[in-house]
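Visitor: Have a peek at target-v1.txt (compact mmCIF, C-alpha atoms).
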```
# COMPACT_ATOMS: atom_id res chain seq x y z
CA MET G 1 0.00 0.00 0.00
CA LEU G 2 2.13 2.90 1.26
CA SER G 3 5.83 2.17 1.35
CA LYS G 4 7.07 5.39 2.97
CA ARG G 5 6.82 5.61 6.72
CA ARG G 6 5.68 9.22 7.21
CA PRO G 7 2.56 9.19 4.95
CA ARG G 8 1.56 5.80 6.34
CA ARG G 9 1.86 7.11 9.91
CA ILE G 10 -0.18 10.22 9.10
CA LEU G 11 -2.88 8.07 7.47
CA ALA G 12 -2.87 5.72 10.46
CA ILE G 13 -3.31 8.58 12.92
CA PHE G 14 -6.12 10.04 10.81
CA LEU G 15 -7.91 6.68 10.65
CA VAL G 16 -7.62 6.11 14.41
CA VAL G 17 -9.01 9.58 15.12
CA ALA G 18 -11.82 9.16 12.56
CA GLY G 19 -12.72 5.78 14.07
CA GLY G 20 -12.78 7.30 17.54
CA VAL G 21 -15.08 10.08 16.37
CA LEU G 22 -17.45 7.53 14.82
CA LEU G 23 -17.43 5.52 18.06
CA PHE G 24 -18.22 8.66 20.05
CA LEU G 25 -20.98 9.89 17.74
CA ALA G 26 -22.78 6.57 17.23
CA PRO G 27 -26.45 6.97 18.19
CA GLU G 28 -28.17 4.56 20.55
CA ALA G 29 -30.33 2.96 17.86
CA TRP G 30 -29.94 0.05 15.46
CA ALA G 31 -28.35 2.36 12.89
CA GLY G 32 -25.81 3.27 15.55
CA LEU G 33 -24.64 -0.33 15.62
CA GLY G 34 -23.54 -0.02 11.99
CA VAL G 35 -21.74 3.25 12.71
CA LEU G 36 -20.09 1.68 15.74
CA ALA G 37 -18.92 -1.32 13.69
CA LEU G 38 -17.57 1.01 11.00
CA GLY G 39 -15.69 2.97 13.66
CA VAL G 40 -14.13 -0.19 15.06
CA LEU G 41 -13.13 -1.33 11.56
CA ILE G 42 -11.52 2.03 10.77
CA GLU G 43 -9.65 1.96 14.08
CA LEU G 44 -8.33 -1.54 13.35
CA VAL G 45 -7.10 -0.49 9.91
CA GLY G 46 -5.36 2.54 11.42
CA ILE G 47 -3.74 0.45 14.13
CA SER G 48 -2.54 -2.15 11.62
CA LEU G 49 -1.02 0.59 9.46
CA GLU G 50 0.77 2.00 12.49
CA ARG G 51 2.12 -1.45 13.40
CA LYS G 52 3.77 -1.77 10.01
CA ALA G 53 5.51 1.59 10.46
```
Take the structure in this file and express it as structure tokens.
Guide:
Amino acid sequence: MLSKRRPRRILAIFLVVAGGVLLFLAPEAWAGLGVLALGVLIELVGISLERKA
């Protein structure tokens, strides 16, 4: 995907923050469950990108 360390780290930080925002803003309804799952998925992608750095 991204071979250089700096852009990959910036993308990872952005994804972790975006995932956290989605987790925080998820409503307490069934639709919120989808938003919550999306937030968790985005966080996991960001964390995995950071691990490779």
Visitor: Would you mind reading off the distance between atom CA of Gly20 of chain G and atom CA of Leu38 of chain G, one decimal, in Å?
Guide: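 Between atom CA of Gly20 of chain G and atom CA of Leu38 of chain G the gap is 10.3 Å.
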Visitor: With a distance cut-off of 6 Å and all atoms listed in the file, select the neighbouring residues of Val16 of chain G, excluding the residue or stretch itself and same-chain residues fewer than 2 positions from it, and output the selection as a PyMOL selection string.
Guide: chain G and resi 13-14+18-19+43+46
Visitor: What is the distance, in Å and to one decimal place, between atom CA of Ala26 of chain G and atom CA of Leu44 of chain G?
Guide: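 Computing the Euclidean distance for atom CA of Ala26 of chain G and atom CA of Leu44 of chain G yields 17.0 Å.
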Visitor: Which residues come within 12 Å of Leu11 of chain G, counting all atoms listed in the file, excluding same-chain residues fewer than 5 positions away, as a PyMOL selection string?
Guide: chain G and resi 1-2+4-6+16-18+42-43+45-50+53
Visitor: What is the atom CA of Pro27 of chain G-atom CA of Val40 of chain G distance in Å, reported with one decimal?
Guide: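 So the answer is 14.6 Å.
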Visitor: Nearest to Arg51 of chain G: which of G:Ala29, G:Val21, G:Val35, G:Ala12 is it, counting only C-alpha atoms?
Guide: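 Looking only at the distances to Arg51 of chain G, the closest residue turns out to be G:Ala12.
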Visitor: Missing atoms in segment 35-52 of chain G: can you complete it with N, CA and C atoms, as a PDB file, in the frame of the given file?
Guide:
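Everything below was put into rebuild_19.pdb:
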```pdb
ATOM      1  N   VAL G  35     -22.749   2.193  12.573  1.00  0.00           N
ATOM      2  CA  VAL G  35     -21.740   3.250  12.710  1.00  0.00           C
ATOM      3  C   VAL G  35     -20.657   2.820  13.691  1.00  0.00           C
ATOM      4  N   LEU G  36     -21.053   2.170  14.756  1.00  0.00           N
ATOM      5  CA  LEU G  36     -20.090   1.680  15.740  1.00  0.00           C
ATOM      6  C   LEU G  36     -19.175   0.625  15.118  1.00  0.00           C
ATOM      7  N   ALA G  37     -19.734  -0.295  14.350  1.00  0.00           N
ATOM      8  CA  ALA G  37     -18.920  -1.320  13.690  1.00  0.00           C
ATOM      9  C   ALA G  37     -17.963  -0.692  12.684  1.00  0.00           C
ATOM     10  N   LEU G  38     -18.433   0.318  11.947  1.00  0.00           N
ATOM     11  CA  LEU G  38     -17.570   1.010  11.000  1.00  0.00           C
ATOM     12  C   LEU G  38     -16.429   1.715  11.729  1.00  0.00           C
ATOM     13  N   GLY G  39     -16.726   2.322  12.863  1.00  0.00           N
ATOM     14  CA  GLY G  39     -15.690   2.970  13.660  1.00  0.00           C
ATOM     15  C   GLY G  39     -14.640   1.992  14.142  1.00  0.00           C
ATOM     16  N   VAL G  40     -15.078   0.827  14.592  1.00  0.00           N
ATOM     17  CA  VAL G  40     -14.130  -0.190  15.060  1.00  0.00           C
ATOM     18  C   VAL G  40     -13.268  -0.673  13.893  1.00  0.00           C
ATOM     19  N   LEU G  41     -13.873  -0.879  12.737  1.00  0.00           N
ATOM     20  CA  LEU G  41     -13.130  -1.330  11.560  1.00  0.00           C
ATOM     21  C   LEU G  41     -12.080  -0.299  11.145  1.00  0.00           C
ATOM     22  N   ILE G  42     -12.463   0.966  11.132  1.00  0.00           N
ATOM     23  CA  ILE G  42     -11.520   2.030  10.770  1.00  0.00           C
ATOM     24  C   ILE G  42     -10.381   2.094  11.776  1.00  0.00           C
ATOM     25  N   GLU G  43     -10.696   1.963  13.058  1.00  0.00           N
ATOM     26  CA  GLU G  43      -9.650   1.960  14.080  1.00  0.00           C
ATOM     27  C   GLU G  43      -8.686   0.797  13.868  1.00  0.00           C
ATOM     28  N   LEU G  44      -9.196  -0.379  13.562  1.00  0.00           N
ATOM     29  CA  LEU G  44      -8.330  -1.540  13.350  1.00  0.00           C
ATOM     30  C   LEU G  44      -7.413  -1.354  12.144  1.00  0.00           C
ATOM     31  N   VAL G  45      -7.933  -0.768  11.077  1.00  0.00           N
ATOM     32  CA  VAL G  45      -7.100  -0.490   9.910  1.00  0.00           C
ATOM     33  C   VAL G  45      -6.002   0.507  10.274  1.00  0.00           C
ATOM     34  N   GLY G  46      -6.355   1.547  10.996  1.00  0.00           N
ATOM     35  CA  GLY G  46      -5.360   2.540  11.420  1.00  0.00           C
ATOM     36  C   GLY G  46      -4.295   1.935  12.310  1.00  0.00           C
ATOM     37  N   ILE G  47      -4.691   1.088  13.232  1.00  0.00           N
ATOM     38  CA  ILE G  47      -3.740   0.450  14.130  1.00  0.00           C
ATOM     39  C   ILE G  47      -2.821  -0.491  13.350  1.00  0.00           C
ATOM     40  N   SER G  48      -3.381  -1.232  12.404  1.00  0.00           N
ATOM     41  CA  SER G  48      -2.540  -2.150  11.620  1.00  0.00           C
ATOM     42  C   SER G  48      -1.549  -1.384  10.750  1.00  0.00           C
ATOM     43  N   LEU G  49      -1.943  -0.228  10.216  1.00  0.00           N
ATOM     44  CA  LEU G  49      -1.020   0.590   9.460  1.00  0.00           C
ATOM     45  C   LEU G  49       0.105   1.106  10.355  1.00  0.00           C
ATOM     46  N   GLU G  50      -0.234   1.490  11.551  1.00  0.00           N
ATOM     47  CA  GLU G  50       0.770   2.000  12.490  1.00  0.00           C
ATOM     48  C   GLU G  50       1.740   0.891  12.888  1.00  0.00           C
ATOM     49  N   ARG G  51       1.260  -0.318  13.042  1.00  0.00           N
ATOM     50  CA  ARG G  51       2.120  -1.450  13.400  1.00  0.00           C
ATOM     51  C   ARG G  51       3.186  -1.717  12.361  1.00  0.00           C
ATOM     52  N   LYS G  52       2.822  -1.511  11.084  1.00  0.00           N
ATOM     53  CA  LYS G  52       3.770  -1.770  10.010  1.00  0.00           C
ATOM     54  C   LYS G  52       4.814  -0.678   9.888  1.00  0.00           C
TER      55      LYS G  52
END
```
